[in-house]
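One file, data.cif, carrying mmCIF, C-alpha atoms:
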```cif
data_coords
loop_
_atom_site.label_atom_id
_atom_site.label_comp_id
_atom_site.auth_asym_id
_atom_site.auth_seq_id
_atom_site.Cartn_x
_atom_site.Cartn_y
_atom_site.Cartn_z
CA MET A 274 29.12 11.56 2.68
CA GLY A 275 32.64 10.14 2.51
CA VAL A 276 32.13 6.57 1.36
CA SER A 277 29.52 7.52 -1.25
CA GLY A 278 31.71 10.15 -2.89
CA ALA A 279 29.10 12.82 -2.13
CA GLN A 280 31.48 14.91 -0.02
CA ALA A 281 34.06 15.01 -2.78
CA ARG A 282 31.45 16.01 -5.36
CA MET A 283 30.14 18.77 -3.10
CA ASP A 284 33.66 20.09 -2.45
CA GLN A 285 34.43 20.10 -6.17
CA ASN A 286 31.26 22.04 -7.02
CA PRO A 287 30.93 24.91 -4.52
CA GLY A 288 27.71 26.88 -4.94
CA TYR A 289 26.32 24.49 -7.56
CA TYR A 290 23.31 23.42 -5.50
CA HIS A 291 22.23 27.00 -4.85
CA ARG A 292 22.64 27.89 -8.54
CA LEU A 293 20.29 25.02 -9.39
CA LEU A 294 17.64 26.45 -7.08
CA GLN A 295 17.93 29.78 -8.89
CA GLY A 296 17.67 28.13 -12.30
CA GLU A 297 14.90 28.21 -14.84
CA CYS A 298 11.55 26.93 -13.65
CA CYS A 299 9.98 23.80 -15.12
CA GLY A 300 6.28 23.76 -14.30
CA ARG A 301 5.82 20.07 -15.06
CA LEU A 302 8.67 19.00 -12.77
CA GLU A 303 7.61 21.26 -9.94
CA GLU A 304 3.97 20.29 -10.12
CA ALA A 305 4.85 16.57 -9.96
CA ILE A 306 6.95 17.20 -6.86
CA ARG A 307 4.31 19.36 -5.18
CA THR A 308 1.71 16.62 -5.73
CA ASP A 309 3.76 14.23 -3.59
CA MET A 310 4.63 16.60 -0.76
CA ASN A 311 1.62 15.80 1.44
CA ARG A 312 2.08 12.06 0.76
CA THR A 313 5.61 12.06 2.13
CA PHE A 314 5.73 10.86 5.75
CA PRO A 315 2.32 12.34 6.65
CA ASP A 316 2.66 10.96 10.20
CA ASN A 317 6.03 12.61 10.81
CA VAL A 318 5.57 15.86 12.74
CA LYS A 319 8.50 17.52 10.97
CA PHE A 320 6.79 17.17 7.60
CA ARG A 321 3.50 18.67 8.73
CA LYS A 322 2.66 22.13 7.45
CA SER A 323 2.26 23.31 11.06
CA ALA A 324 5.89 22.40 11.87
CA ASP A 325 8.45 25.17 12.34
CA PRO A 326 10.47 24.70 10.26
CA CYS A 327 8.41 22.48 7.96
CA LEU A 328 10.66 20.02 6.14
CA GLN A 329 8.29 19.93 3.17
CA LYS A 330 9.99 23.08 1.82
CA THR A 331 13.45 21.60 2.36
CA LEU A 332 12.42 18.39 0.62
CA TYR A 333 10.84 20.31 -2.24
CA ASN A 334 14.05 22.27 -2.80
CA VAL A 335 16.21 19.12 -2.86
CA LEU A 336 13.93 17.39 -5.36
CA VAL A 337 13.59 20.44 -7.62
CA ALA A 338 17.36 20.95 -7.62
CA TYR A 339 17.94 17.31 -8.48
CA GLY A 340 15.35 17.37 -11.26
CA ARG A 341 17.15 20.34 -12.81
CA HIS A 342 20.54 18.71 -12.29
CA ASN A 343 19.59 15.36 -13.83
CA GLN A 344 17.03 16.15 -16.50
CA GLY A 345 17.15 12.60 -17.84
CA VAL A 346 15.54 11.50 -14.57
CA GLY A 347 13.68 14.60 -13.46
CA TYR A 348 11.42 13.34 -10.70
CA CYS A 349 10.04 9.87 -10.08
CA GLN A 350 7.68 8.69 -7.35
CA GLY A 351 9.73 7.05 -4.64
CA MET A 352 12.46 9.67 -4.75
CA ASN A 353 10.44 11.77 -2.30
CA PHE A 354 10.76 9.10 0.41
CA ILE A 355 14.49 8.69 -0.19
CA ALA A 356 15.19 12.42 -0.20
CA GLY A 357 12.93 12.82 2.84
CA TYR A 358 15.05 10.34 4.80
CA LEU A 359 18.21 12.12 3.72
CA VAL A 360 16.81 15.47 4.87
CA LEU A 361 15.89 14.00 8.26
CA ILE A 362 19.33 12.43 8.68
CA THR A 363 21.61 15.19 7.43
CA LYS A 364 19.50 18.25 8.37
CA SER A 365 21.13 19.85 5.33
CA GLU A 366 19.61 20.56 1.92
CA GLU A 367 22.94 20.55 0.12
CA LYS A 368 24.21 17.31 1.68
CA SER A 369 20.86 15.65 0.95
CA PHE A 370 21.14 16.74 -2.68
CA TRP A 371 24.62 15.29 -3.13
CA LEU A 372 23.69 12.03 -1.38
CA LEU A 373 20.64 11.75 -3.63
CA ASP A 374 22.96 12.33 -6.59
CA ALA A 375 25.20 9.49 -5.36
CA LEU A 376 22.24 7.11 -5.11
CA VAL A 377 20.30 8.01 -8.24
CA GLY A 378 23.22 8.95 -10.46
CA ARG A 379 25.85 6.32 -9.60
CA ILE A 380 24.84 3.62 -7.11
CA LEU A 381 21.44 2.83 -8.65
CA PRO A 382 21.66 3.89 -12.29
CA ASP A 383 18.41 3.63 -14.26
CA TYR A 384 16.31 2.92 -11.16
CA TYR A 385 14.49 6.23 -11.48
CA SER A 386 14.78 6.94 -15.21
CA PRO A 387 11.49 7.07 -17.15
CA ALA A 388 11.86 3.44 -18.29
CA MET A 389 13.15 2.26 -14.87
CA LEU A 390 15.28 -0.38 -16.58
CA GLY A 391 17.64 -0.75 -13.62
CA LEU A 392 14.76 -1.32 -11.22
CA LYS A 393 13.05 -3.83 -13.52
CA THR A 394 16.30 -5.67 -14.13
CA ASP A 395 17.10 -5.99 -10.42
CA GLN A 396 13.62 -7.32 -9.68
CA GLU A 397 14.19 -9.99 -12.32
CA VAL A 398 17.62 -10.73 -10.86
CA LEU A 399 16.03 -11.25 -7.45
CA GLY A 400 13.55 -13.66 -9.04
CA GLU A 401 16.43 -15.68 -10.51
CA LEU A 402 18.29 -15.68 -7.19
CA VAL A 403 15.19 -17.00 -5.43
CA ARG A 404 14.78 -19.65 -8.15
CA THR A 405 18.35 -20.79 -7.52
CA LYS A 406 18.51 -20.53 -3.73
CA LEU A 407 14.87 -20.93 -2.62
CA PRO A 408 13.26 -23.00 -5.40
CA ALA A 409 10.14 -23.84 -3.39
CA VAL A 410 9.27 -20.13 -3.13
CA ALA A 411 9.93 -19.64 -6.84
CA ALA A 412 7.63 -22.59 -7.61
CA LEU A 413 4.89 -21.05 -5.46
CA MET A 414 5.20 -17.73 -7.31
CA ASP A 415 4.96 -19.55 -10.65
CA ARG A 416 2.01 -21.65 -9.52
CA HIS A 417 -0.03 -18.64 -8.47
CA GLY A 418 1.22 -16.46 -11.32
CA VAL A 419 2.59 -13.80 -8.98
CA LEU A 420 4.99 -11.34 -10.63
CA TRP A 421 7.92 -10.20 -8.53
CA THR A 422 7.06 -6.58 -9.24
CA LEU A 423 3.83 -7.09 -7.26
CA VAL A 424 5.61 -8.01 -4.06
CA VAL A 425 9.04 -6.33 -4.07
CA SER A 426 8.81 -3.20 -6.23
CA ARG A 427 8.35 -0.98 -3.16
CA TRP A 428 11.30 -2.68 -1.43
CA PHE A 429 13.58 -1.65 -4.27
CA ILE A 430 12.19 1.69 -5.42
CA CYS A 431 11.92 3.09 -1.87
CA LEU A 432 15.07 1.28 -0.67
CA PHE A 433 13.02 -0.27 2.16
CA VAL A 434 11.82 3.14 3.46
CA ASP A 435 8.35 2.73 5.02
CA VAL A 436 8.83 -1.03 4.56
CA LEU A 437 11.27 -1.89 7.36
CA PRO A 438 11.84 -0.12 10.72
CA VAL A 439 13.85 3.08 10.44
CA GLU A 440 16.92 1.85 12.35
CA THR A 441 17.13 -1.22 10.12
CA VAL A 442 16.72 0.90 6.98
CA LEU A 443 19.55 3.19 8.04
CA ARG A 444 21.89 0.24 8.52
CA ILE A 445 20.93 -1.07 5.09
CA TRP A 446 21.71 2.36 3.68
CA ASP A 447 25.15 2.35 5.34
CA CYS A 448 25.92 -0.76 3.30
CA LEU A 449 24.24 0.67 0.20
CA PHE A 450 26.43 3.80 0.22
CA SER A 451 29.53 1.76 1.03
CA GLU A 452 29.12 -1.29 -1.21
CA GLY A 453 26.34 -0.66 -3.67
CA SER A 454 23.08 -2.33 -4.60
CA LYS A 455 23.98 -5.91 -3.68
CA ILE A 456 22.77 -5.20 -0.13
CA LEU A 457 19.23 -4.88 -1.53
CA PHE A 458 19.41 -8.47 -2.79
CA ARG A 459 20.91 -9.76 0.47
CA VAL A 460 18.16 -8.14 2.53
CA ALA A 461 15.40 -9.37 0.22
CA LEU A 462 16.77 -12.93 0.24
CA THR A 463 17.14 -12.89 4.02
CA LEU A 464 13.52 -11.78 4.48
CA ILE A 465 12.23 -14.46 2.11
CA LYS A 466 14.39 -17.27 3.49
CA HIS A 467 13.60 -16.53 7.12
CA HIS A 468 9.84 -16.59 6.38
CA GLN A 469 9.90 -19.30 3.73
CA ALA A 470 7.52 -21.65 5.54
CA PHE A 471 5.04 -18.80 6.10
CA ILE A 472 5.19 -17.74 2.44
CA LEU A 473 4.70 -21.32 1.23
CA GLU A 474 1.33 -21.46 2.99
CA ALA A 475 -0.09 -18.82 0.59
CA SER A 476 -3.14 -20.02 -1.30
CA SER A 477 -3.69 -17.26 -3.88
CA VAL A 478 -2.19 -14.19 -5.49
CA ALA A 479 -3.75 -11.89 -2.88
CA ASP A 480 -2.62 -14.15 -0.03
CA THR A 481 0.93 -14.23 -1.40
CA CYS A 482 1.08 -10.43 -1.65
CA GLU A 483 -0.25 -10.07 1.89
CA ARG A 484 2.33 -12.51 3.25
CA PHE A 485 5.13 -10.53 1.61
CA LYS A 486 3.87 -7.46 3.49
CA GLU A 487 3.74 -9.40 6.75
CA ILE A 488 7.35 -10.58 6.53
CA THR A 489 8.62 -7.00 6.80
CA ARG A 490 7.19 -6.67 10.31
CA GLY A 491 7.98 -8.17 13.70
CA SER A 492 10.98 -8.76 15.92
CA PHE A 493 13.18 -10.27 13.19
CA VAL A 494 13.43 -6.93 11.35
CA THR A 495 13.22 -4.77 14.48
CA GLU A 496 16.41 -6.25 15.96
CA CYS A 497 18.50 -4.35 13.46
CA HIS A 498 21.98 -5.53 14.50
CA THR A 499 21.07 -9.21 14.34
CA PHE A 500 19.16 -8.70 11.10
CA MET A 501 22.14 -7.03 9.44
CA GLN A 502 24.53 -9.71 10.64
CA VAL A 503 22.30 -12.37 9.08
CA SER A 504 21.93 -10.36 5.88
CA GLY A 505 25.59 -9.42 5.83
CA GLY A 506 27.10 -12.85 6.20
CA SER A 507 28.70 -12.91 9.64
CA ALA A 508 26.03 -14.94 11.40
CA PRO A 509 25.56 -18.72 11.24
CA GLY A 510 23.54 -19.73 8.21
CA ALA A 511 24.39 -16.61 6.19
CA ALA A 512 26.62 -18.65 3.90
CA ALA A 513 23.41 -19.46 2.04
CA TRP A 514 24.10 -16.30 0.00
CA PRO A 515 27.48 -16.93 -1.69
CA GLY A 516 28.25 -14.16 -4.12
CA VAL A 517 25.88 -11.69 -2.50
CA LEU A 518 27.52 -11.33 0.91
CA ALA A 519 28.63 -8.16 2.62
CA SER A 520 32.21 -7.54 3.61
CA PRO A 521 32.76 -7.30 7.38
CA ALA A 522 33.37 -3.56 7.01
CA CYS A 523 29.70 -2.88 6.25
CA LEU A 524 28.35 -4.59 9.33
CA PRO A 525 27.15 -2.38 12.17
CA ARG A 526 29.63 -1.62 14.90
CA VAL A 527 28.27 -2.94 18.18
CA PRO A 528 29.71 -1.34 21.32
CA SER A 529 31.68 -3.82 23.44
#
```

Go ahead and express the file in the form of structure tokens.
Amino acid sequence: MGVSGAQARMDQNPGYYHRLLQGECCGRLEEAIRTDMNRTFPDNVKFRKSADPCLQKTLYNVLVAYGRHNQGVGYCQGMNFIAGYLVLITKSEEKSFWLLDALVGRILPDYYSPAMLGLKTDQEVLGELVRTKLPAVAALMDRHGVLWTLVVSRWFICLFVDVLPVETVLRIWDCLFSEGSKILFRVALTLIKHHQAFILEASSVADTCERFKEITRGSFVTECHTFMQVSGGSAPGAAAWPGVLASPACLPRVPS
């Protein structure tokens, strides 16, 4: 809440969130959000309708309030997973709203707008980074005609939610709130570099896509502290990402 500026925004706008919930209804916005409720973490007991309390209502409120607050964005698929994580973490509708505002409104501008220009641009930027730093992988993608949006769109639009293990995602988000979107590139490059040999064995478009799913699983991503050190630049070999490194402040604090 502090490093993202969300706390300051909440303090400066007392009662604003609750006024949004009491605002004028927009059937189109609310129907789009309702459609995604049952698709959001269906395996999480707290989001089941039988839960008491059921976080579906909390999530719905946060998304409706944000859609009314930022009418240029409204609601976009993917925001439900992000807001759902925020609700689970903060256990507060209002804090979740202001953190969502920090992400969608300032840290990741145009990721969730109707044209998604920010998202599309960053996927292209990742492609150029891979071409520069991992040219063999870029050549494979070109050879098979695989578009980057096929393999990494979910990484970016869901900010690795339901892609990487939860503890690893939360450490990525610490860096995201603190430093901004460059952590998304560092994580993506780390995943691709670590599994480069495996990716280069792909023999088709479908095989390439499947291998990109596989590289988000296993012990490498489960060991969240080590993974973040490699992604963040403090571990041996991380100097492969000059210009996209984390500052030491964003690395996880490991108890001595």

Quick one: of A:Thr441, A:Ser476, A:Asn353, A:Thr422, who's nearest to Cys497 of chain A, counting only C-alpha atoms?
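Selected residue with least distance to Cys497 of chain A: A:Thr441.
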
For the structure shown, which residues end up in the PyMOL selection byres ((chain A and resi 326-338) around 9)? Put them as an MDAnalysis selection string, please?
chainID A and resid 290:296 299 302:303 306:307 310:311 313 318:325 339:343 347:348 352:353 356:357 360:361 365:367 369:370 373

The PyMOL selection byres ((chain A and resi 397) around 12) resolved against shown file, as number ranges by chain
A: 390-396, 398-404, 411, 420-423, 425-426, 429, 458

Answer as an MDAnalysis selection string, residues within 10 Å of (10.0, -5.2, 6.6) using all atoms listed in the file:
chainID A and resid 428 433:439 441:442 460:461 464 485:491 493:495

What is the distance, in Å and to one decimal place, between atom CA of Leu443 of chain A and atom CA of Ile472 of chain A?
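If I compute the distance from atom CA of Leu443 of chain A to atom CA of Ile472 of chain A, I get 26.0 Å.
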
Test item: axis-aligned box, all listed atoms of segment 355-364 of chain A, 4 Å on each side, centre and edges in Å rounded to one decimal, as JSON:
```
{"center_x": 17.3, "center_y": 13.5, "center_z": 4.2, "size_x": 16.7, "size_y": 17.6, "size_z": 16.9}
```

May I ask which of the residues A:Arg416, A:Val478, A:Ala388, A:Leu432 is the closest one to Ile355 of chain A, counting only C-alpha atoms?
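Checking each candidate against Ile355 of chain A, we get A:Leu432 as the closest.
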
Rounded to one decimal place, report the atom CA of Ser454 of chain A-atom CA of Gly418 of chain A distance in Å.
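That distance, rounded to one decimal, is 26.9 Å.
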
Between atom CA of Ser386 of chain A and atom CA of Val346 of chain A - distance in Å to one decimal
4.7 Å

As a list in words, please: the residues near segment 468-470 of chain A (cut-off 9 Å, all atoms listed in the file, same-chain neighbours under 5 positions excluded).
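Final neighbour list, sorted by chain and number: Leu407, Ala409, Val410, Thr463 and Ile488 of chain A.
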
Looking at all atoms listed in the file, which of A:Phe314, A:Trp371, A:Gly345, A:Ala305 is the one that sits closest to Pro287 of chain A?
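Answer, going by the shortest atom-to-atom distance: A:Trp371.
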
Using only C-alpha atoms for the distances, tell me which of A:Ser451, A:Gln344, A:Ser477, A:Asn317 is nearest to Gly278 of chain A.
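The answer is A:Ser451, which sits nearest to Gly278 of chain A.
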
Go ahead and find all residues with at least one atom no further than 8 Å from (23.0, 2.8, -6.0) in the file's coordinates, using all atoms listed in the file; report them as a list in words.
Ala375, Leu376, Val377, Gly378, Arg379, Ile380, Leu381, Pro382, Leu449, Phe450, Gly453 and Ser454 of chain A

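Considering only C-alpha atoms, the residue among A:Cys482, A:Leu372, A:Cys349, A:Ala412 positioned nearest to Tyr385 of chain A is A:Cys349.
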
Ile456 of chain A proximity check over A:Thr481, A:Gln502, A:Thr363, A:Thr405, using all atoms listed in the file: winner is A:Gln502

Please, can segment 413-437 of chain A be completed to N, CA and C atoms and returned as a PDB file, in the frame of the given file?
```
ATOM      1  N   LEU A 413       6.154 -21.611  -5.939  1.00  0.00           N
ATOM      2  CA  LEU A 413       4.890 -21.050  -5.460  1.00  0.00           C
ATOM      3  C   LEU A 413       4.498 -19.821  -6.277  1.00  0.00           C
ATOM      4  N   MET A 414       5.461 -18.931  -6.523  1.00  0.00           N
ATOM      5  CA  MET A 414       5.200 -17.730  -7.310  1.00  0.00           C
ATOM      6  C   MET A 414       4.718 -18.105  -8.705  1.00  0.00           C
ATOM      7  N   ASP A 415       5.367 -19.098  -9.312  1.00  0.00           N
ATOM      8  CA  ASP A 415       4.960 -19.550 -10.650  1.00  0.00           C
ATOM      9  C   ASP A 415       3.565 -20.165 -10.621  1.00  0.00           C
ATOM     10  N   ARG A 416       3.293 -20.953  -9.606  1.00  0.00           N
ATOM     11  CA  ARG A 416       2.010 -21.650  -9.520  1.00  0.00           C
ATOM     12  C   ARG A 416       0.843 -20.682  -9.413  1.00  0.00           C
ATOM     13  N   HIS A 417       1.043 -19.623  -8.642  1.00  0.00           N
ATOM     14  CA  HIS A 417      -0.030 -18.640  -8.470  1.00  0.00           C
ATOM     15  C   HIS A 417       0.033 -17.507  -9.497  1.00  0.00           C
ATOM     16  N   GLY A 418       1.085 -17.510 -10.324  1.00  0.00           N
ATOM     17  CA  GLY A 418       1.220 -16.460 -11.320  1.00  0.00           C
ATOM     18  C   GLY A 418       1.498 -15.096 -10.724  1.00  0.00           C
ATOM     19  N   VAL A 419       2.280 -15.061  -9.651  1.00  0.00           N
ATOM     20  CA  VAL A 419       2.590 -13.800  -8.980  1.00  0.00           C
ATOM     21  C   VAL A 419       3.881 -13.227  -9.570  1.00  0.00           C
ATOM     22  N   LEU A 420       3.810 -12.012 -10.099  1.00  0.00           N
ATOM     23  CA  LEU A 420       4.990 -11.340 -10.630  1.00  0.00           C
ATOM     24  C   LEU A 420       5.780 -10.725  -9.477  1.00  0.00           C
ATOM     25  N   TRP A 421       7.090 -10.751  -9.586  1.00  0.00           N
ATOM     26  CA  TRP A 421       7.920 -10.200  -8.530  1.00  0.00           C
ATOM     27  C   TRP A 421       7.666  -8.718  -8.315  1.00  0.00           C
ATOM     28  N   THR A 422       7.326  -8.018  -9.392  1.00  0.00           N
ATOM     29  CA  THR A 422       7.060  -6.580  -9.240  1.00  0.00           C
ATOM     30  C   THR A 422       5.890  -6.308  -8.303  1.00  0.00           C
ATOM     31  N   LEU A 423       4.968  -7.261  -8.167  1.00  0.00           N
ATOM     32  CA  LEU A 423       3.830  -7.090  -7.260  1.00  0.00           C
ATOM     33  C   LEU A 423       4.244  -7.077  -5.806  1.00  0.00           C
ATOM     34  N   VAL A 424       5.286  -7.811  -5.478  1.00  0.00           N
ATOM     35  CA  VAL A 424       5.610  -8.010  -4.060  1.00  0.00           C
ATOM     36  C   VAL A 424       6.882  -7.289  -3.604  1.00  0.00           C
ATOM     37  N   VAL A 425       7.770  -6.931  -4.528  1.00  0.00           N
ATOM     38  CA  VAL A 425       9.040  -6.330  -4.070  1.00  0.00           C
ATOM     39  C   VAL A 425       9.341  -4.979  -4.709  1.00  0.00           C
ATOM     40  N   SER A 426       8.472  -4.462  -5.565  1.00  0.00           N
ATOM     41  CA  SER A 426       8.810  -3.200  -6.230  1.00  0.00           C
ATOM     42  C   SER A 426       9.027  -2.078  -5.223  1.00  0.00           C
ATOM     43  N   ARG A 427       8.192  -2.033  -4.178  1.00  0.00           N
ATOM     44  CA  ARG A 427       8.350  -0.980  -3.160  1.00  0.00           C
ATOM     45  C   ARG A 427       9.645  -1.178  -2.373  1.00  0.00           C
ATOM     46  N   TRP A 428      10.033  -2.425  -2.128  1.00  0.00           N
ATOM     47  CA  TRP A 428      11.300  -2.680  -1.430  1.00  0.00           C
ATOM     48  C   TRP A 428      12.438  -1.977  -2.161  1.00  0.00           C
ATOM     49  N   PHE A 429      12.462  -2.152  -3.486  1.00  0.00           N
ATOM     50  CA  PHE A 429      13.580  -1.650  -4.270  1.00  0.00           C
ATOM     51  C   PHE A 429      13.459  -0.155  -4.562  1.00  0.00           C
ATOM     52  N   ILE A 430      12.296   0.295  -4.997  1.00  0.00           N
ATOM     53  CA  ILE A 430      12.190   1.690  -5.420  1.00  0.00           C
ATOM     54  C   ILE A 430      12.290   2.656  -4.247  1.00  0.00           C
ATOM     55  N   CYS A 431      11.817   2.240  -3.065  1.00  0.00           N
ATOM     56  CA  CYS A 431      11.920   3.090  -1.870  1.00  0.00           C
ATOM     57  C   CYS A 431      13.099   2.704  -0.988  1.00  0.00           C
ATOM     58  N   LEU A 432      13.894   1.724  -1.425  1.00  0.00           N
ATOM     59  CA  LEU A 432      15.070   1.280  -0.670  1.00  0.00           C
ATOM     60  C   LEU A 432      14.708   0.924   0.760  1.00  0.00           C
ATOM     61  N   PHE A 433      13.562   0.251   0.900  1.00  0.00           N
ATOM     62  CA  PHE A 433      13.020  -0.270   2.160  1.00  0.00           C
ATOM     63  C   PHE A 433      12.481   0.810   3.096  1.00  0.00           C
ATOM     64  N   VAL A 434      12.452   2.082   2.662  1.00  0.00           N
ATOM     65  CA  VAL A 434      11.820   3.140   3.460  1.00  0.00           C
ATOM     66  C   VAL A 434      10.323   2.859   3.559  1.00  0.00           C
ATOM     67  N   ASP A 435       9.766   3.017   4.750  1.00  0.00           N
ATOM     68  CA  ASP A 435       8.350   2.730   5.020  1.00  0.00           C
ATOM     69  C   ASP A 435       8.005   1.265   4.794  1.00  0.00           C
ATOM     70  N   VAL A 436       9.023   0.421   4.677  1.00  0.00           N
ATOM     71  CA  VAL A 436       8.830  -1.030   4.560  1.00  0.00           C
ATOM     72  C   VAL A 436       9.384  -1.700   5.811  1.00  0.00           C
ATOM     73  N   LEU A 437      10.615  -1.354   6.169  1.00  0.00           N
ATOM     74  CA  LEU A 437      11.270  -1.890   7.360  1.00  0.00           C
ATOM     75  C   LEU A 437      11.411  -0.777   8.408  1.00  0.00           C
TER      76      LEU A 437
END
```
